[in-house]
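Q: Dropping the structure in here first, questions after.
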Amino acid sequence: MISLNVNGQSYQVDVPSDTPLLWVLRDILHLTGTKYGCGIAVCWACTVLINGQADKSCDVTVGSAAGKTIITVEGLADFRLPSEPIGTKGMGQKLQEAWIAEQAPQCGYCQSGMLMQAAGLFLEQRHPSGGDINGAMKNVCVCGTYQRVKAAINRASTAV
Amino acid sequence: MNKPTISQATAVDRRKFLKVTGGFLLALTLPVATNRALADTSIPANATGTAFIRIGADESITVLVGGGEMGQGIYTGLAMGAAEELMVTWEKVKVEPLPAIASWLSAGSGGIRSRLPTFLKAGAAAREMLVSAAAQTWGVPVASCQAVNGTVKNLVTNEVLTYGQLAPLAATLPVPAAPVLTPAANYRIIGTPAARPDLVGKVNGSAKYGLDAVVPGMALGIVKHAPVMGGTLKTTPSVPSGASAVVPLGATATNPVNNAIALVSWLPGANTWGLMETMKSISSNIWNTPANAALLDSNVFKSQAMSLLGRGAPFIAEQKGNVDTAFASAARVLEMTYTLPYLPHACMEVLNCTVRMTPATAPFTACEIWAPTQAPSSVLTTVSAVTGLPKTAITVYPMFMGGGLGRKFEQDYITQAITTAMAVGRPVKLVWPRSEDMTRDQYRPMAVTRIRVALDAAGNITGWQNRHVSPSISAQRRTTPLTAHDANATEGATALPYNLPNRLIDYVQHMSPIPVGYWRSVGYSINCFAVESAIDEVALATGADPLTLRRQLLSTSTDPLAARTLAVVNAAAAAAGWETTAVPAGRARGIAVGQAFGTIVAEVAEIGVTYTGGVPTNFTVYKVACAVDCGTAVNPNSVEAQMQGGIFHGLSAAKWGELKWTAGKSSVTNFNKYRMTRLSEAPVITTTIVNSGAAMSGCGEPGVPPIAPAVANAYAKLTGVRVRDLPFFPGATMGG
Ligand code: FES
Ligand code: FES
């Protein structure tokens with residue numbers, strides 16, 4: 001049994017410890033917001049936060065994620081930066097609102113990865129520069145939503 | 001987790017859907033507008049479309065929309081039409097997918113264009129019925145009543161009844177045959193940017209794509225095809241440890257030859273990755289390799305196509321004036337050959353399908369399908385063919401698509417999932433790992449195009465000849481050979497709006513064994529590259545400015561689309577500052593224009609080039625100024641998004657898109673070998689919408705074609721190197 005903490009909830013899963021976290025989230029816990037794109041650590045569709053770091057869940061074994069704090073897109077609404085006190089709007093919600101305000105998603109499939117990557121970026125950099133955004137947002141989007149994703153990140157950066 | 005977590009599922013239950021209690025359901029059926037070859041084959045000539053509007057006693061207004069939502073905003077566009085005529089605000093309207101039995105195909109960018117009139121008329125009819133119901137209730141003439149924001153107002157007494165209150169009576173009234181439509185000039189909703197209702201679920205993880213389907217007690221399965229294209233299954237392997245079943249899969253619903261297997265597991269802890277690992281333990285001896293495997297090679301295909309350029313009996317696609325005389329008397333002849341490779345669709349969401357048979361084992365009485373599909377109605381036909389069940393016993397739940405791009409039209413993955421569920425006697429979700437999705441695609445056809453241009457002594461174009469060699473998508477799907485040209489193959493090469501009085505466009509079919517399919521804008525994306533590169537080569541050869549030459553060819557043309565094309569070219573040039581803003585040092589601009597599915601798009605790309613050891617190894621696109629005329633833009637927000645999406649898609653394909661064959665195996669198995677543009681490489685795109693007021697046309701695809709020639713034209717200007725063979729940079733790879 002492996003213990004996982006996902007979006008503040010604990011789960012016990014019985015799978016080989018080298019199973020990628022992605023498939024435990026999707027196939028076992030049915031947290032399907034985290035997406036499979038390539039499975040080989042290239043596209044970032046599977047991005048989640050692990051101990052405050054955006055990472056590719058297809059490239060992290062469930063064994064190594066055990067006991068760590070995992071946040072997926074399903075938990076994004078409750079995500080807040082350390083600087084955002086409880087009772088105020090957190091960065092997770094700011095990101096979701098900015099994404100809608102900019103009408104960023106097209107098919108939407110890559111967007112949970114985009115959002116979680118952006119959440120990780122804001123943990124590192126409260127007001128990311130254009131260069132910070134370029135450097136962090138490596139997610140592949142076949143629909144080509146980049147321009148609006150950039151605008152949404154800038155919007156979230158100044159949101160209160 | 002013992003309930004299906006599919007929000008659409010309950011909403012589209014056909015029985016519930018048809019029985020509305022205490023409310024009002026209007027189903028209005030009208031002929032569907034078709035205006036292109038692909039639409040003509042996918043929609044029968046006399047096709048009708050039905051718009052469904054449901055008004056609940058709880059004041060809810062729901063519009064049911066068919067086809068499939070893959071990011072193009074069809075849910076929004078059509079519902080906007082209904083809201084417009086219902087005199088309600090856009091926010092008040094909810095959208096639900098239509099049951100497959102009443103659904104349609106999403107193809108040819110025609111979803112909104114061809115259906116909007118039906119939705120407008122349905123909205124107007126519903127409004128008039130609600131107004132009549134109010135007039136009857138109050139005993140006043142209809143003229144004394146007015147629909148206002150979800151209510152009907154008595155203009156004399158100022159009384160108000162809500163749509164919800166009026167719905168039961170309205171439902172008993174006759175449907176007006178010719179409801180009064182709002183003049184376009186008075187539109188409140190159409191033409192203004194509208195927020196898409198499907199986006200909320202796309203930012204909180206709740207939107208359910210096909211791959212997210214969860215059905216109680218379902219098994220998981222993955223597909224593996226014969227490793228060599230055309231290979232077949234020799235022997236079904238025994239079930240390896242770590243799995244529960246192996247199911248042989250036929251090539252199509254009617255083809256008994258197996259070419260794939262499904263590896264299925266319902267063991268505790270079953271997961272997709274576990275199945276992929278277990279699949280590796282199955283010996284490759286189970287496959288037959290086709291005898292011609294060595295010939296399934298990109299170099300062989302290319303030399304076949306090149307030799308077809310010069311011989312064979314071509315089919316004439318378009319002929320005007322006298323090309324022979326023009327070339328005989330030419331002062332100068334330019335001849336250029338352009339080549340494009342096979343391309344995969346590479347949708348972000350791999351192919352998948354979930355099936356539940358009832359009962360779990362034969363004899364079956366019902367079947368449910370959860371699938372990402374562009375063609376819910378075709379899925380219904382497929383399921384009926386494979387299971388033998390009548391269509392009324394089948395429910396298709398269209399799920400969100402993580403991209404469709406033309407691939408999710410096809411039925412192969414649906415057929416396989418049904419076969420698997422029937423064989424294992426339990427519900428199953430069948431998934432194609434990324435490697436299968438890339439290596440068993442139905443690819444955009446490769447193409448070789450030779451354009452010859454006759455010039456007079458003054459450099460005017462006097463003759464234009466375009467020979468196009470490519471596999472025919474439609475012929476490959478039939479057993480009969482072509483007897484005339486394939487309009488899909490030459491779309492974008494024919495019907496050019498330019499003043500080219502002597503022209504001959506012909507087509508030679510390339511019988512390629514690689515399966516080909518519809519890929520976002522198909523022939524247009526191929527032919528626009530050749531045509532708009534060639535026009536630029538003429539400009540360069542005659543010392544003309546590329547913009548001036550295009551203006552000249554358009555302003556002197558009698559083609560019906562010439563004036564609109566000119567306006568779009570001018571709009572893009574103005575937005576790019578072609579004549580007003582100097583190009584920064586080290587950069588160049590290129591322009592191209594194309595028409596697809598009735599929509600005209602011009603793009604000006606401003607690029608800079610990176611050299612490694614004196615050789616250009618990459619280029620940066622700084623800006624793209626895009627102008628689009630789709631007649632009337634229903635939702636400018638979506639039009640802009642579709643242009644951006646099309647430009648990125650076309651740009652990645654032009655720079656890096658390539659899939660090669662060696663001994664029947666694809667060079668691309670995953671995104672590491674299929675580089676895509678990333679955010680850091682994204683140009684700033686401006687979109688100018690030219691509302692010409694012409695007949696409405698679609699936007700999902702027409703943004704793609706002009707970008708490849710626009711960047712090629714800029715590249716030639718900057719480097720002096722004319723790229724005629726795509727991609728620009730073969731062999732590209734992509735890391736994490
Ligand atoms: S699925 Fe994990 S990086 Fe692509
Ligand atoms: S929104 Fe479709 S892949 Fe990004």
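Starting from 1 in every chain, residues are counted up; chains themselves are A, B, ... following the order of the structure tokens, and ligands are numbered from 1 as listed.
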Residues of chain A within 8 Å of chain B, counting only C-alpha atoms - could you list those as an NGL selection string?
A: :A and (14-15 or 19-20 or 23-24 or 26-28 or 30 or 32-34 or 36-39 or 41-44 or 73-77 or 96 or 99-100 or 103 or 105-112 or 115 or 133-135 or 137-147 or 150)
Q: Could you take the residues named above and write them with C-alpha atoms, as a tab-separated table (two decimals), in the first residue's frame?
A:
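Result written to selection_34.tsv:
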```tsv
chain	number	residue	atom	x	y	z
A	14	ASP	CA	-2.08	-0.91	-4.12
A	15	VAL	CA	0.05	-0.74	-7.27
A	19	THR	CA	3.80	3.02	-11.66
A	20	PRO	CA	3.78	6.63	-12.92
A	23	TRP	CA	-1.94	6.64	-14.19
A	24	VAL	CA	-2.66	6.25	-10.51
A	26	ARG	CA	-6.38	8.82	-13.73
A	27	ASP	CA	-7.10	5.10	-13.68
A	28	ILE	CA	-7.19	4.31	-9.97
A	30	HIS	CA	-10.40	8.64	-11.27
A	32	THR	CA	-9.16	12.53	-14.73
A	33	GLY	CA	-8.44	16.27	-14.91
A	34	THR	CA	-4.73	15.41	-15.21
A	36	TYR	CA	-2.10	11.94	-20.78
A	37	GLY	CA	-0.42	13.44	-23.82
A	38	CYS	CA	2.85	11.64	-24.54
A	39	GLY	CA	3.76	9.56	-21.50
A	41	ALA	CA	7.97	13.56	-20.32
A	42	VAL	CA	7.80	15.83	-23.37
A	43	CYS	CA	4.40	17.55	-23.57
A	44	TRP	CA	3.60	18.57	-19.96
A	73	VAL	CA	-6.35	20.70	-11.39
A	74	GLU	CA	-9.28	19.38	-9.35
A	75	GLY	CA	-7.70	21.03	-6.32
A	76	LEU	CA	-6.65	24.21	-8.10
A	77	ALA	CA	-9.57	26.29	-6.84
A	96	GLN	CA	-9.14	30.07	-13.35
A	99	TRP	CA	-8.22	31.83	-18.06
A	100	ILE	CA	-11.94	32.39	-18.56
A	103	GLN	CA	-11.17	32.69	-23.15
A	105	PRO	CA	-8.91	27.11	-23.79
A	106	GLN	CA	-9.84	25.78	-27.19
A	107	CYS	CA	-10.27	22.01	-27.03
A	108	GLY	CA	-9.05	22.46	-23.46
A	109	TYR	CA	-7.19	19.17	-23.22
A	110	CYS	CA	-3.77	20.67	-22.46
A	111	GLN	CA	-5.15	23.38	-20.22
A	112	SER	CA	-5.05	21.61	-16.86
A	115	LEU	CA	-2.82	25.91	-15.31
A	133	ILE	CA	6.67	32.90	-18.62
A	134	ASN	CA	8.50	31.78	-21.75
A	135	GLY	CA	10.89	29.72	-19.68
A	137	MET	CA	5.42	27.36	-19.96
A	138	LYS	CA	6.83	24.45	-21.93
A	139	ASN	CA	3.43	22.79	-22.33
A	140	VAL	CA	2.53	21.67	-25.83
A	141	CYS	CA	-0.82	22.93	-27.08
A	142	VAL	CA	-1.82	21.56	-30.46
A	143	CYS	CA	-4.72	24.03	-30.59
A	144	GLY	CA	-2.32	26.98	-30.32
A	145	THR	CA	-3.72	28.83	-27.32
A	146	TYR	CA	-0.36	30.36	-26.38
A	147	GLN	CA	-1.22	33.99	-26.94
A	150	LYS	CA	0.25	34.37	-21.90
```
Q: What lies within 7 Å of B:Ala588 using only C-alpha atoms, ignoring chain neighbours under 4 positions off, as number ranges by chain?
A: B: 583, 606-608, 714, 717-718
Q: Those residues you just picked out, can you put them in a file as an mmCIF file, in the first residue's frame with C-alpha atoms?
A:
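Dumped everything to again-v4.cif:
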```cif
data_model
loop_
_atom_site.group_PDB
_atom_site.id
_atom_site.type_symbol
_atom_site.label_atom_id
_atom_site.label_comp_id
_atom_site.auth_asym_id
_atom_site.auth_seq_id
_atom_site.Cartn_x
_atom_site.Cartn_y
_atom_site.Cartn_z
ATOM 1 C CA VAL B 583 10.902 46.106 -41.386
ATOM 2 C CA GLU B 606 7.460 38.919 -40.026
ATOM 3 C CA ILE B 607 10.409 36.617 -39.389
ATOM 4 C CA GLY B 608 14.058 36.557 -38.439
ATOM 5 C CA ALA B 714 9.574 35.931 -45.910
ATOM 6 C CA LYS B 717 13.397 37.380 -49.083
ATOM 7 C CA LEU B 718 15.614 37.258 -46.006
#
```
Q: Point out the residue among A:Ile153, A:Leu21, A:Ala104, A:Leu29 with the least atom-to-atom distance to A:Gly120, counting only C-alpha atoms.
A: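 Once distances to A:Gly120 are computed over only C-alpha atoms, the minimum belongs to A:Ile153.
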Q: Among stretch 5-153 of chain A, which residues carry a DSSP assignment of helix (DSSP H, G or I), reported as number ranges by chain?
A: A: 21-28, 57-59, 62-65, 73-78, 91-101, 111-124, 130-136, 146-153
Q: Next, write the just-selected residues to a file, as a PDB file, in the first residue's frame, keeping C-alpha atoms as the atom set.
A:
```pdb
ATOM      1  CA  LEU A  21       1.718   8.948 -10.721  1.00  0.00           C
ATOM      2  CA  LEU A  22      -0.283  10.003 -13.811  1.00  0.00           C
ATOM      3  CA  TRP A  23      -1.944   6.635 -14.191  1.00  0.00           C
ATOM      4  CA  VAL A  24      -2.661   6.249 -10.514  1.00  0.00           C
ATOM      5  CA  LEU A  25      -4.437   9.617 -10.566  1.00  0.00           C
ATOM      6  CA  ARG A  26      -6.376   8.821 -13.729  1.00  0.00           C
ATOM      7  CA  ASP A  27      -7.097   5.102 -13.676  1.00  0.00           C
ATOM      8  CA  ILE A  28      -7.187   4.309  -9.965  1.00  0.00           C
ATOM      9  CA  SER A  57       3.173  13.169 -13.397  1.00  0.00           C
ATOM     10  CA  CYS A  58       3.985  10.679 -16.177  1.00  0.00           C
ATOM     11  CA  ASP A  59       7.622  11.000 -15.145  1.00  0.00           C
ATOM     12  CA  VAL A  62       3.909   6.831  -7.362  1.00  0.00           C
ATOM     13  CA  GLY A  63       6.473   5.491  -4.914  1.00  0.00           C
ATOM     14  CA  SER A  64       8.460   8.713  -5.001  1.00  0.00           C
ATOM     15  CA  ALA A  65       5.295  10.812  -4.659  1.00  0.00           C
ATOM     16  CA  VAL A  73      -6.352  20.695 -11.387  1.00  0.00           C
ATOM     17  CA  GLU A  74      -9.284  19.377  -9.347  1.00  0.00           C
ATOM     18  CA  GLY A  75      -7.699  21.033  -6.323  1.00  0.00           C
ATOM     19  CA  LEU A  76      -6.649  24.206  -8.103  1.00  0.00           C
ATOM     20  CA  ALA A  77      -9.573  26.290  -6.843  1.00  0.00           C
ATOM     21  CA  ASP A  78      -8.274  25.861  -3.273  1.00  0.00           C
ATOM     22  CA  MET A  91      -3.929  32.182  -6.920  1.00  0.00           C
ATOM     23  CA  GLY A  92      -5.762  29.027  -8.034  1.00  0.00           C
ATOM     24  CA  GLN A  93      -9.008  30.898  -8.389  1.00  0.00           C
ATOM     25  CA  LYS A  94      -7.248  33.895  -9.898  1.00  0.00           C
ATOM     26  CA  LEU A  95      -5.791  31.653 -12.550  1.00  0.00           C
ATOM     27  CA  GLN A  96      -9.136  30.066 -13.351  1.00  0.00           C
ATOM     28  CA  GLU A  97     -10.804  33.467 -13.608  1.00  0.00           C
ATOM     29  CA  ALA A  98      -8.021  34.868 -15.762  1.00  0.00           C
ATOM     30  CA  TRP A  99      -8.217  31.835 -18.057  1.00  0.00           C
ATOM     31  CA  ILE A 100     -11.942  32.386 -18.558  1.00  0.00           C
ATOM     32  CA  ALA A 101     -11.612  36.142 -18.911  1.00  0.00           C
ATOM     33  CA  GLN A 111      -5.154  23.375 -20.219  1.00  0.00           C
ATOM     34  CA  SER A 112      -5.053  21.611 -16.862  1.00  0.00           C
ATOM     35  CA  GLY A 113      -1.340  21.091 -17.433  1.00  0.00           C
ATOM     36  CA  MET A 114      -0.991  24.736 -18.436  1.00  0.00           C
ATOM     37  CA  LEU A 115      -2.818  25.906 -15.315  1.00  0.00           C
ATOM     38  CA  MET A 116      -0.770  23.737 -12.977  1.00  0.00           C
ATOM     39  CA  GLN A 117       2.450  24.843 -14.663  1.00  0.00           C
ATOM     40  CA  ALA A 118       1.361  28.467 -14.182  1.00  0.00           C
ATOM     41  CA  ALA A 119       0.562  27.764 -10.522  1.00  0.00           C
ATOM     42  CA  GLY A 120       4.096  26.433 -10.103  1.00  0.00           C
ATOM     43  CA  LEU A 121       5.485  29.517 -11.808  1.00  0.00           C
ATOM     44  CA  PHE A 122       3.628  31.840  -9.430  1.00  0.00           C
ATOM     45  CA  LEU A 123       5.027  29.946  -6.443  1.00  0.00           C
ATOM     46  CA  GLU A 124       8.470  30.875  -7.697  1.00  0.00           C
ATOM     47  CA  GLY A 130       7.784  37.686 -20.177  1.00  0.00           C
ATOM     48  CA  GLY A 131      11.029  35.738 -20.005  1.00  0.00           C
ATOM     49  CA  ASP A 132       9.896  33.868 -16.874  1.00  0.00           C
ATOM     50  CA  ILE A 133       6.671  32.903 -18.621  1.00  0.00           C
ATOM     51  CA  ASN A 134       8.496  31.776 -21.755  1.00  0.00           C
ATOM     52  CA  GLY A 135      10.886  29.719 -19.681  1.00  0.00           C
ATOM     53  CA  ALA A 136       8.274  28.019 -17.545  1.00  0.00           C
ATOM     54  CA  TYR A 146      -0.364  30.356 -26.376  1.00  0.00           C
ATOM     55  CA  GLN A 147      -1.220  33.990 -26.938  1.00  0.00           C
ATOM     56  CA  ARG A 148      -4.253  33.856 -24.672  1.00  0.00           C
ATOM     57  CA  VAL A 149      -2.459  31.700 -22.106  1.00  0.00           C
ATOM     58  CA  LYS A 150       0.253  34.372 -21.896  1.00  0.00           C
ATOM     59  CA  ALA A 151      -2.392  37.074 -21.512  1.00  0.00           C
ATOM     60  CA  ALA A 152      -4.140  35.035 -18.819  1.00  0.00           C
ATOM     61  CA  ILE A 153      -0.906  34.630 -16.833  1.00  0.00           C
TER      62      ILE A 153
END
```
Q: How many Å separate atom CA of B:Trp432 from atom CA of B:Glu701?
A: 25.5 Å
Q: To test your reading of the structure, identify every residue in stretch 257-493 of chain B that backbone DSSP assigns to strand (DSSP E or B), and report it as a ChimeraX atom specification.
A: /B:258-265,287-288,315-320,332-340,342-343,352-358,366-371,394-398,400,428-431,443-444,447-455,461-470
Q: Please produce a file of those selected residues containing C-alpha atoms, as a tab-separated table (two decimals), in the first residue's frame.
A:
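Heads up, here's the output in part.tsv:
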```
chain	number	residue	atom	x	y	z
B	258	ASN	CA	-7.05	-9.12	-37.96
B	259	ASN	CA	-4.36	-6.46	-37.85
B	260	ALA	CA	-4.31	-5.59	-34.16
B	261	ILE	CA	-4.90	-6.89	-30.67
B	262	ALA	CA	-6.46	-5.44	-27.56
B	263	LEU	CA	-4.77	-6.26	-24.27
B	264	VAL	CA	-7.39	-6.00	-21.55
B	265	SER	CA	-7.26	-6.11	-17.77
B	287	TRP	CA	2.69	-10.59	-36.56
B	288	ASN	CA	2.94	-11.23	-40.28
B	315	PHE	CA	-7.63	14.27	-64.74
B	316	ILE	CA	-8.40	17.85	-65.61
B	317	ALA	CA	-9.56	19.81	-62.60
B	318	GLU	CA	-9.91	23.24	-64.17
B	319	GLN	CA	-9.23	24.65	-67.60
B	320	LYS	CA	-9.60	28.19	-68.91
B	332	ARG	CA	9.97	33.39	-70.25
B	333	VAL	CA	8.75	30.29	-68.41
B	334	LEU	CA	9.20	29.61	-64.68
B	335	GLU	CA	8.88	26.07	-63.42
B	336	MET	CA	8.79	25.16	-59.75
B	337	THR	CA	8.17	21.85	-57.98
B	338	TYR	CA	6.91	21.78	-54.40
B	339	THR	CA	6.72	18.75	-52.13
B	340	LEU	CA	4.94	18.11	-48.87
B	342	TYR	CA	2.72	12.83	-44.87
B	343	LEU	CA	1.55	14.37	-41.60
B	352	ASN	CA	-10.10	5.99	-27.30
B	353	CYS	CA	-13.61	4.67	-26.88
B	354	THR	CA	-15.62	3.25	-23.99
B	355	VAL	CA	-18.36	0.68	-24.58
B	356	ARG	CA	-21.00	-0.93	-22.38
B	357	MET	CA	-23.09	-3.77	-23.79
B	358	THR	CA	-26.35	-4.74	-22.08
B	366	ALA	CA	-28.48	-2.41	-25.95
B	367	CYS	CA	-25.15	-0.67	-26.38
B	368	GLU	CA	-23.77	2.57	-24.99
B	369	ILE	CA	-20.73	4.38	-26.36
B	370	TRP	CA	-18.67	7.14	-24.79
B	371	ALA	CA	-16.45	8.50	-27.49
B	394	ILE	CA	-27.81	2.36	-29.14
B	395	THR	CA	-26.83	5.47	-27.19
B	396	VAL	CA	-23.79	7.50	-28.16
B	397	TYR	CA	-22.58	9.99	-25.58
B	398	PRO	CA	-20.41	12.50	-27.43
B	400	PHE	CA	-15.39	16.52	-25.38
B	428	VAL	CA	-14.33	-1.63	-21.49
B	429	LYS	CA	-12.38	1.54	-22.12
B	430	LEU	CA	-10.05	0.93	-25.03
B	431	VAL	CA	-7.13	3.34	-25.44
B	443	TYR	CA	-2.33	10.83	-42.55
B	444	ARG	CA	-2.54	14.09	-44.45
B	447	ALA	CA	1.95	15.75	-52.34
B	448	VAL	CA	4.08	16.83	-55.24
B	449	THR	CA	3.01	19.89	-57.19
B	450	ARG	CA	4.61	21.39	-60.27
B	451	ILE	CA	3.64	24.91	-61.22
B	452	ARG	CA	4.67	26.40	-64.57
B	453	VAL	CA	4.18	30.08	-65.26
B	454	ALA	CA	4.34	31.74	-68.70
B	455	LEU	CA	5.47	35.37	-68.67
B	461	ILE	CA	1.59	36.23	-66.27
B	462	THR	CA	0.09	34.89	-69.50
B	463	GLY	CA	-0.26	31.21	-68.62
B	464	TRP	CA	-0.58	29.14	-65.42
B	465	GLN	CA	-0.22	25.39	-65.21
B	466	ASN	CA	-0.47	23.36	-62.03
B	467	ARG	CA	-0.06	19.60	-61.94
B	468	HIS	CA	-0.83	18.02	-58.60
B	469	VAL	CA	0.15	14.46	-57.65
B	470	SER	CA	-1.15	13.02	-54.38
```
Q: May I ask which of the residues B:Pro248, B:Gly543, B:Pro705, B:Pro341 is the closest one to B:Trp656, counting only C-alpha atoms?
A: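 Nearest to B:Trp656: B:Pro341.
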Q: Counting only C-alpha atoms and all ligand atoms, which of A:Ile40, A:Val60, A:Ile71, A:Val13 gets nearest to ligand 1?
A: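 With only C-alpha atoms and all ligand atoms as the atom set, the closest residue is A:Ile40.
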Q: Report, in Å to a single decimal, how far apart atom CA of B:Thr687 and atom CA of B:Ser555 are.
A: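 Atom CA of B:Thr687 lies at a distance of 23.5 Å from atom CA of B:Ser555.
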Q: Which distance in Å separates atom CA of B:Ile189 and atom CA of B:Cys626, to one decimal?
A: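 Atom-to-atom, atom CA of B:Ile189 to atom CA of B:Cys626, that is 23.9 Å.
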Q: Would you kindly return, as a list of chain:residue names, each protein, DNA or RNA residue with an atom no farther than 9 Å from any atom of A:Lys68, considering only C-alpha atoms and excluding same-chain residues fewer than 4 positions away?
A: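 In the requested format, the answer is A:Leu4, A:Asn5, A:Val6, A:Ile50, A:Asn51, A:Ser64.
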